[in-house]
Amino acid sequence: MKRHDERYFGSYGGRYIPEVLRPAFEELERAWESARSDEAFWLEFERLCGDYIGRPTPLYPAGNLSRDLGGIRVYLKLEGLAHTGAHKINNALGQALLAKRMGKKRVIAETGAGQHGLATAAVAARFGLECEVFMGEVDMARQHPNVFAMRTFGATVTPVHDGSRTLTDAVNAALKNWTERIADTHYVLGSALGPHPYPGMVARFQSVIGIETRRQIMEREGRLPDAIYACVGGGSNSIGIFGAFLADDVSLVGVEAGGSGSEAGMHAVRMGGKARVGVVQAYKSYFLQDGDGSLLPTHSVSAGLDYAGIGPQLASLGDSKRIRFIEASDEEAISALRRTARAEGILPALESAHALAGLFREAGSLDKGRLVVVNVSGRGDKDLFITAPILERSDWMAFLERELDSLRTQALAEASLGQARVKRPRLDGEPS
Ligand SMILES: Cc1ncc(COP(=O)(O)O)c(C=O)c1O
């Protein structure tokens, strides 16, 4: 019964797992309990945060945006400069260390935008762990560059064909796979959600964002910010930055994906009154569900915000009004991305562009001189195949056609010569 209350955030959270997963969760909970109070574990985590991830990430004073927005003072926490391009690596690193501690040889993960899969594949390579990433077929198609990158790191990427073929279904597939390989596998869950101990554990690994931000803003300004904006998918980058300011007089704003409309299937807004409390994927929170409790389809231009549930701590902090939730549409996110790129020469991930859009929408009502931090959770290179067709469709189509033509011509020439121009190195175990 020790720490039993930690399983819940208000009435949300818990651990509603099938019997077959009980041994895995009990083993994980024991390992986490011992690691979290082990100084050596955290020293190793901190060392690798510096050496491998490149932390601390900068807190950048965005002077041009500040001027454009009429005199509020904007700082951007640039998590996109972390290794693999987003905050996801903070958690993946922590859980990989835990997997090693438990003697596991294999890790699995779910991924939506591909950033968590990429981060898990990278740390798996770093620690010599076998890695399989489950990814909805739809997300695999829209985030193909990340699929390629995961495979380059040696991971297997397994397509999920069920349901809406996005993140929610990938979580189900990963949980199912875990039941079949409990003995040698650790499931690296990618956001601050799921059954206990994941929400608290992921939030702890991501708390490095808020701890750094607090130190950096105090060093620069000698005071705390007035407001912090972060996008909210499952909730890991938001609770990661908000966590260090929960007890302070700092306004915390979570920005959800308003998508392309307010009807079911066109957005992923859980905290705006459209979701219902339920137990889904073995934890209790707000989920977008129909009258029978089945999950509704979701939509966002950003794969990482396209999820039907929300982490239990955020659900509770939303109910208590400690976090205020707003939404940004696909269109607003794209426009915020372009504005940030042009003003500061910084290309945010589509997910992070929602946080920026949230600020841009509200900036007019903020007093001059107000100090605002936006968590730019990732960088936008991964989204090129989504943003380019939106911003420059015909040029992009012409580029892709040229690329395809040249690849086809090259393949034909190689076939007739019987050899490739650039030889692909043989992979381990591949026959010569
Ligand atoms: C760059 C980026 N930001 C935000 C998110 C949303 O996840 P979370 O709410 O867990 O931070 C994702 C998810 O893939 C992401 O890749």
# chains A, B, ... in the order shown; residues from 1 in each chain; ligands from 1

call {"tool": "residues_around", "arguments": {"residues": "A:Phe245", "least_positions_apart": "6", "cutoff": "10 Å", "atoms": "only C-alpha atoms", "output": "PyMOL selection string"}}
result
chain A and resi 210-211+213-214+224-225+227-228+239+251-252

call {"tool": "select_by_dssp", "arguments": {"residues": "stretch 27-139 of chain A", "states": "helix (DSSP H, G or I)", "output": "ChimeraX atom specification"}}
result
/A:27-36,39-53,63-68,79-81,88-101,115-127,137-139

call {"tool": "residues_near_ligand", "arguments": {"ligand": "ligand 1", "cutoff": "7 Å", "atoms": "only C-alpha atoms and all ligand atoms", "output": "ChimeraX atom specification"}}
result
/A:86-88,111-116,190-192,231-238,303-305,349,351-352,377-379

call {"tool": "write_last_selection", "arguments": {"atoms": "C-alpha atoms", "output": "PDB file, in the first residue's frame"}}
result
ATOM      1  CA  ALA A  86      12.393  17.051 -29.415  1.00  0.00           C
ATOM      2  CA  HIS A  87      11.836  16.712 -25.671  1.00  0.00           C
ATOM      3  CA  LYS A  88      10.924  13.032 -26.081  1.00  0.00           C
ATOM      4  CA  THR A 111       4.854   6.578 -31.527  1.00  0.00           C
ATOM      5  CA  GLY A 112       2.648   9.160 -33.234  1.00  0.00           C
ATOM      6  CA  ALA A 113       4.776  11.922 -34.748  1.00  0.00           C
ATOM      7  CA  GLY A 114       7.680   9.499 -34.677  1.00  0.00           C
ATOM      8  CA  GLN A 115       9.672  11.646 -32.242  1.00  0.00           C
ATOM      9  CA  HIS A 116       9.238   9.294 -29.291  1.00  0.00           C
ATOM     10  CA  GLY A 190       6.207   8.082 -24.491  1.00  0.00           C
ATOM     11  CA  SER A 191       3.966  10.477 -22.605  1.00  0.00           C
ATOM     12  CA  ALA A 192       2.830  11.266 -19.071  1.00  0.00           C
ATOM     13  CA  CYS A 231       1.152  22.220 -26.405  1.00  0.00           C
ATOM     14  CA  VAL A 232      -0.689  19.204 -25.019  1.00  0.00           C
ATOM     15  CA  GLY A 233      -0.786  15.804 -26.680  1.00  0.00           C
ATOM     16  CA  GLY A 234      -0.565  13.151 -23.993  1.00  0.00           C
ATOM     17  CA  GLY A 235       0.995  15.801 -21.783  1.00  0.00           C
ATOM     18  CA  SER A 236       4.717  15.161 -21.285  1.00  0.00           C
ATOM     19  CA  ASN A 237       6.298  18.396 -22.526  1.00  0.00           C
ATOM     20  CA  SER A 238       3.615  20.476 -20.784  1.00  0.00           C
ATOM     21  CA  ALA A 303       0.615  13.697 -35.437  1.00  0.00           C
ATOM     22  CA  GLY A 304       1.890  14.195 -31.875  1.00  0.00           C
ATOM     23  CA  LEU A 305      -1.275  15.958 -30.669  1.00  0.00           C
ATOM     24  CA  ALA A 349       7.557  21.340 -34.823  1.00  0.00           C
ATOM     25  CA  GLU A 351       3.013  20.367 -32.243  1.00  0.00           C
ATOM     26  CA  SER A 352       5.016  23.249 -30.744  1.00  0.00           C
ATOM     27  CA  SER A 377       8.936  21.083 -27.701  1.00  0.00           C
ATOM     28  CA  GLY A 378      10.480  20.122 -31.026  1.00  0.00           C
ATOM     29  CA  ARG A 379      11.939  21.352 -34.282  1.00  0.00           C
TER      30      ARG A 379
END

call {"tool": "residues_around", "arguments": {"residues": "A:Ser329", "least_positions_apart": "6", "cutoff": "9 Å", "atoms": "only C-alpha atoms", "output": "list of chain:residue names"}}
result
A:Glu256, A:Ala257, A:Gly258, A:Gly259, A:Ser260, A:Gly261, A:His267, A:Ser300, A:Val301, A:His354, A:Ala357

call {"tool": "closest_residue", "arguments": {"among": "A:Ala170, A:Leu404, A:Leu337, A:Met102", "to": "A:Glu132", "atoms": "only C-alpha atoms"}}
result
A:Ala170

call {"tool": "residues_around", "arguments": {"residues": "stretch 133-142 of chain A", "least_positions_apart": "4", "cutoff": "8 Å", "atoms": "only C-alpha atoms", "output": "ChimeraX atom specification"}}
result
/A:108-114,117,121,147,155-162,164-167,169-171,173-174,303,385-386

call {"tool": "write_last_selection", "arguments": {"atoms": "N, CA and C atoms", "output": "PDB file, in the first residue's frame"}}
result
ATOM      1  N   ILE A 108      10.252  -1.726 -26.279  1.00  0.00           N
ATOM      2  CA  ILE A 108       9.236  -1.433 -27.290  1.00  0.00           C
ATOM      3  C   ILE A 108       8.685  -0.042 -26.995  1.00  0.00           C
ATOM      4  N   ALA A 109       8.098   0.568 -28.008  1.00  0.00           N
ATOM      5  CA  ALA A 109       7.517   1.900 -27.826  1.00  0.00           C
ATOM      6  C   ALA A 109       6.387   2.074 -28.823  1.00  0.00           C
ATOM      7  N   GLU A 110       5.481   3.005 -28.494  1.00  0.00           N
ATOM      8  CA  GLU A 110       4.474   3.472 -29.440  1.00  0.00           C
ATOM      9  C   GLU A 110       4.942   4.831 -29.932  1.00  0.00           C
ATOM     10  N   THR A 111       4.518   5.218 -31.116  1.00  0.00           N
ATOM     11  CA  THR A 111       4.854   6.578 -31.527  1.00  0.00           C
ATOM     12  C   THR A 111       3.772   7.148 -32.437  1.00  0.00           C
ATOM     13  N   GLY A 112       3.625   8.487 -32.378  1.00  0.00           N
ATOM     14  CA  GLY A 112       2.648   9.160 -33.234  1.00  0.00           C
ATOM     15  C   GLY A 112       3.405   9.974 -34.276  1.00  0.00           C
ATOM     16  N   ALA A 113       3.989  11.098 -33.833  1.00  0.00           N
ATOM     17  CA  ALA A 113       4.776  11.922 -34.748  1.00  0.00           C
ATOM     18  C   ALA A 113       6.074  11.219 -35.141  1.00  0.00           C
ATOM     19  N   GLY A 114       6.423  10.182 -34.403  1.00  0.00           N
ATOM     20  CA  GLY A 114       7.680   9.499 -34.677  1.00  0.00           C
ATOM     21  C   GLY A 114       8.790   9.969 -33.769  1.00  0.00           C
ATOM     22  N   GLY A 117       9.380   7.500 -30.930  1.00  0.00           N
ATOM     23  CA  GLY A 117       9.976   6.296 -31.510  1.00  0.00           C
ATOM     24  C   GLY A 117      11.440   6.534 -31.852  1.00  0.00           C
ATOM     25  N   ALA A 121      14.517   4.625 -30.288  1.00  0.00           N
ATOM     26  CA  ALA A 121      15.437   3.890 -31.163  1.00  0.00           C
ATOM     27  C   ALA A 121      16.880   4.359 -30.934  1.00  0.00           C
ATOM     28  N   VAL A 147      10.327   7.356 -39.808  1.00  0.00           N
ATOM     29  CA  VAL A 147      10.346   5.892 -39.931  1.00  0.00           C
ATOM     30  C   VAL A 147      11.727   5.464 -40.440  1.00  0.00           C
ATOM     31  N   ALA A 155      16.102   0.033 -35.337  1.00  0.00           N
ATOM     32  CA  ALA A 155      14.812  -0.402 -34.771  1.00  0.00           C
ATOM     33  C   ALA A 155      13.936  -1.032 -35.852  1.00  0.00           C
ATOM     34  N   THR A 156      13.042  -1.913 -35.415  1.00  0.00           N
ATOM     35  CA  THR A 156      11.998  -2.417 -36.304  1.00  0.00           C
ATOM     36  C   THR A 156      10.778  -1.528 -36.113  1.00  0.00           C
ATOM     37  N   VAL A 157      10.198  -1.041 -37.200  1.00  0.00           N
ATOM     38  CA  VAL A 157       8.982  -0.232 -37.082  1.00  0.00           C
ATOM     39  C   VAL A 157       7.812  -1.081 -37.577  1.00  0.00           C
ATOM     40  N   THR A 158       6.872  -1.360 -36.670  1.00  0.00           N
ATOM     41  CA  THR A 158       5.759  -2.252 -37.002  1.00  0.00           C
ATOM     42  C   THR A 158       4.487  -1.428 -37.228  1.00  0.00           C
ATOM     43  N   PRO A 159       3.906  -1.532 -38.433  1.00  0.00           N
ATOM     44  CA  PRO A 159       2.682  -0.753 -38.695  1.00  0.00           C
ATOM     45  C   PRO A 159       1.485  -1.312 -37.937  1.00  0.00           C
ATOM     46  N   VAL A 160       0.617  -0.404 -37.462  1.00  0.00           N
ATOM     47  CA  VAL A 160      -0.609  -0.819 -36.758  1.00  0.00           C
ATOM     48  C   VAL A 160      -1.785  -0.500 -37.665  1.00  0.00           C
ATOM     49  N   HIS A 161      -2.571  -1.549 -37.984  1.00  0.00           N
ATOM     50  CA  HIS A 161      -3.657  -1.374 -38.960  1.00  0.00           C
ATOM     51  C   HIS A 161      -5.024  -1.195 -38.303  1.00  0.00           C
ATOM     52  N   ASP A 162      -5.082  -1.251 -36.947  1.00  0.00           N
ATOM     53  CA  ASP A 162      -6.393  -1.191 -36.272  1.00  0.00           C
ATOM     54  C   ASP A 162      -6.894   0.243 -36.112  1.00  0.00           C
ATOM     55  N   SER A 164      -8.227   3.915 -35.903  1.00  0.00           N
ATOM     56  CA  SER A 164      -7.971   5.056 -36.793  1.00  0.00           C
ATOM     57  C   SER A 164      -6.517   5.034 -37.297  1.00  0.00           C
ATOM     58  N   ARG A 165      -5.772   3.997 -36.916  1.00  0.00           N
ATOM     59  CA  ARG A 165      -4.386   3.769 -37.363  1.00  0.00           C
ATOM     60  C   ARG A 165      -3.476   4.944 -37.001  1.00  0.00           C
ATOM     61  N   THR A 166      -3.712   5.487 -35.786  1.00  0.00           N
ATOM     62  CA  THR A 166      -2.854   6.572 -35.290  1.00  0.00           C
ATOM     63  C   THR A 166      -2.362   6.203 -33.876  1.00  0.00           C
ATOM     64  N   LEU A 167      -2.003   7.232 -33.106  1.00  0.00           N
ATOM     65  CA  LEU A 167      -1.310   7.011 -31.831  1.00  0.00           C
ATOM     66  C   LEU A 167      -2.070   6.122 -30.845  1.00  0.00           C
ATOM     67  N   ASP A 169      -4.069   3.707 -31.315  1.00  0.00           N
ATOM     68  CA  ASP A 169      -3.984   2.299 -31.711  1.00  0.00           C
ATOM     69  C   ASP A 169      -2.570   1.754 -31.518  1.00  0.00           C
ATOM     70  N   ALA A 170      -1.594   2.649 -31.681  1.00  0.00           N
ATOM     71  CA  ALA A 170      -0.199   2.228 -31.469  1.00  0.00           C
ATOM     72  C   ALA A 170       0.031   1.870 -29.995  1.00  0.00           C
ATOM     73  N   VAL A 171      -0.591   2.638 -29.070  1.00  0.00           N
ATOM     74  CA  VAL A 171      -0.469   2.325 -27.636  1.00  0.00           C
ATOM     75  C   VAL A 171      -1.053   0.936 -27.377  1.00  0.00           C
ATOM     76  N   ALA A 173      -1.365  -1.562 -29.418  1.00  0.00           N
ATOM     77  CA  ALA A 173      -0.519  -2.604 -30.007  1.00  0.00           C
ATOM     78  C   ALA A 173       0.715  -2.851 -29.146  1.00  0.00           C
ATOM     79  N   ALA A 174       1.285  -1.773 -28.597  1.00  0.00           N
ATOM     80  CA  ALA A 174       2.480  -1.927 -27.759  1.00  0.00           C
ATOM     81  C   ALA A 174       2.130  -2.684 -26.467  1.00  0.00           C
ATOM     82  N   ALA A 303       0.849  15.081 -35.875  1.00  0.00           N
ATOM     83  CA  ALA A 303       0.615  13.697 -35.437  1.00  0.00           C
ATOM     84  C   ALA A 303       0.758  13.552 -33.923  1.00  0.00           C
ATOM     85  N   PHE A 385       7.431  17.191 -44.913  1.00  0.00           N
ATOM     86  CA  PHE A 385       6.547  16.573 -45.902  1.00  0.00           C
ATOM     87  C   PHE A 385       5.072  16.914 -45.655  1.00  0.00           C
ATOM     88  N   ILE A 386       4.788  17.566 -44.527  1.00  0.00           N
ATOM     89  CA  ILE A 386       3.415  18.036 -44.277  1.00  0.00           C
ATOM     90  C   ILE A 386       3.329  19.534 -44.560  1.00  0.00           C
TER      91      ILE A 386
END

call {"tool": "residues_around", "arguments": {"residues": "stretch 37-49 of chain A", "least_positions_apart": "5", "cutoff": "8 Å", "atoms": "only C-alpha atoms", "output": "number ranges by chain"}}
result
A: 54-56, 90, 93-94, 97

call {"tool": "closest_residue", "arguments": {"among": "A:Ala230, A:Ala343, A:Ala99, A:Ile182", "to": "A:Val20", "atoms": "only C-alpha atoms"}}
result
A:Ile182

call {"tool": "closest_residue", "arguments": {"among": "A:Gly273, A:Leu366, A:Ala35, A:Val373", "to": "A:Met201", "atoms": "only C-alpha atoms"}}
result
A:Ala35

call {"tool": "closest_residue", "arguments": {"among": "A:Ala62, A:Leu246, A:Leu69, A:Leu288", "to": "A:Met266", "atoms": "only C-alpha atoms"}}
result
A:Leu288

call {"tool": "atom_distance", "arguments": {"atom1": "atom CA of A:Arg426", "atom2": "atom CA of A:Leu118"}}
result
22.8 Å

call {"tool": "residues_around", "arguments": {"residues": "A:Lys368", "least_positions_apart": "4", "cutoff": "10 Å", "atoms": "only C-alpha atoms", "output": "number ranges by chain"}}
result
A: 66, 69-73, 363-364

call {"tool": "write_last_selection", "arguments": {"atoms": "C-alpha atoms", "output": "PDB file, in the first residue's frame"}}
result
ATOM      1  CA  SER A  66       8.415  40.268 -28.634  1.00  0.00           C
ATOM      2  CA  LEU A  69       3.592  41.167 -30.313  1.00  0.00           C
ATOM      3  CA  GLY A  70       3.503  44.676 -28.938  1.00  0.00           C
ATOM      4  CA  GLY A  71       5.963  44.618 -26.080  1.00  0.00           C
ATOM      5  CA  ILE A  72       5.385  41.436 -24.092  1.00  0.00           C
ATOM      6  CA  ARG A  73       8.729  39.708 -23.539  1.00  0.00           C
ATOM      7  CA  ALA A 363      -0.861  38.300 -26.811  1.00  0.00           C
ATOM      8  CA  GLY A 364      -3.156  41.280 -27.424  1.00  0.00           C
TER       9      GLY A 364
END

call {"tool": "closest_residue", "arguments": {"among": "A:Arg270, A:Lys176, A:Lys100, A:Arg204", "to": "A:Glu130", "atoms": "only C-alpha atoms"}}
result
A:Lys100

call {"tool": "atom_distance", "arguments": {"atom1": "atom CA of A:Arg30", "atom2": "atom CA of A:Tyr286"}}
result
27.9 Å
